[in-house]
Amino acid sequence: MPSIVPIVGFALVATIVLALLRPLRPELAVLLGLVAGALILLAVIPRIAQIVGLLESMASKGGVSADYLAALLKIVGIAYLTEFGAQAARDAGEGALGSKVELAGKILILVIAIPLVVAVLDLILRLVGQGAG
């Protein structure tokens with residue numbers, strides 16, 4: 001059973017250290033915040049691999065194209081990385097840069113999603129065309 005307790009404990013310790021360090025060495029505090037965030041992400045990567053494996057299994061059983069699953073996983077990955085990057089920029093006091101990271105993420109998600117939307121619309125049109133005949 002996965003536990004959030006070690007992750008939250010680590011985050012609380014890092015937060016306390018950051019709060020003490022920020023007035024003295026703000027540049028180190030930013031760096032420590034980025035490292036702490038990266039370590040938290042690394043801690044959950046094995047769980048992400050489990051989820052991807054489960055989704056691949058379900059997709060193959062359901063006859064869903066691997067291309068669609070790959071696109072979905074890319075979209076989720078972009079969303080998470082975008083959020084991480086935007087928050088890191090904001091933590092460093094660069095709110096405008098964080099907003100630009102979010103905009104870039106949204107555009108990349110749209111680029112990946114358009115073929116999926118087209119495929120779904122094509123399927124709907126084929127189903128409607130078959131039902132009318």
# chains A, B, ... in the order shown; residues from 1 in each chain; ligands from 1
call {"tool": "residues_around", "arguments": {"residues": "Leu18 (chain A)", "least_positions_apart": "2", "cutoff": "8 Å", "atoms": "only C-alpha atoms", "output": "list of chain:residue names"}}
result
A:Ala14, A:Thr15, A:Ile16, A:Leu20, A:Leu21, A:Arg22, A:Ala29, A:Leu32, A:Gly33
call {"tool": "residues_around", "arguments": {"residues": "Val35 (chain A)", "least_positions_apart": "3", "cutoff": "12 Å", "atoms": "only C-alpha atoms", "output": "PyMOL selection string"}}
result
chain A and resi 10-11+14+18+28-32+38-42+84+88
call {"tool": "atom_distance", "arguments": {"atom1": "CA of Arg47 (chain A)", "atom2": "CA of Ile107 (chain A)"}}
result
27.2 Å
call {"tool": "atom_distance", "arguments": {"atom1": "CA of Pro23 (chain A)", "atom2": "CA of Gly95 (chain A)"}}
result
19.5 Å
call {"tool": "residues_around", "arguments": {"residues": "Ile109 (chain A)", "least_positions_apart": "3", "cutoff": "12 Å", "atoms": "only C-alpha atoms", "output": "ChimeraX atom specification"}}
result
/A:71-82,102-106,112-117
call {"tool": "atom_distance", "arguments": {"atom1": "CA of Ala92 (chain A)", "atom2": "CA of Val13 (chain A)"}}
result
18.9 Å
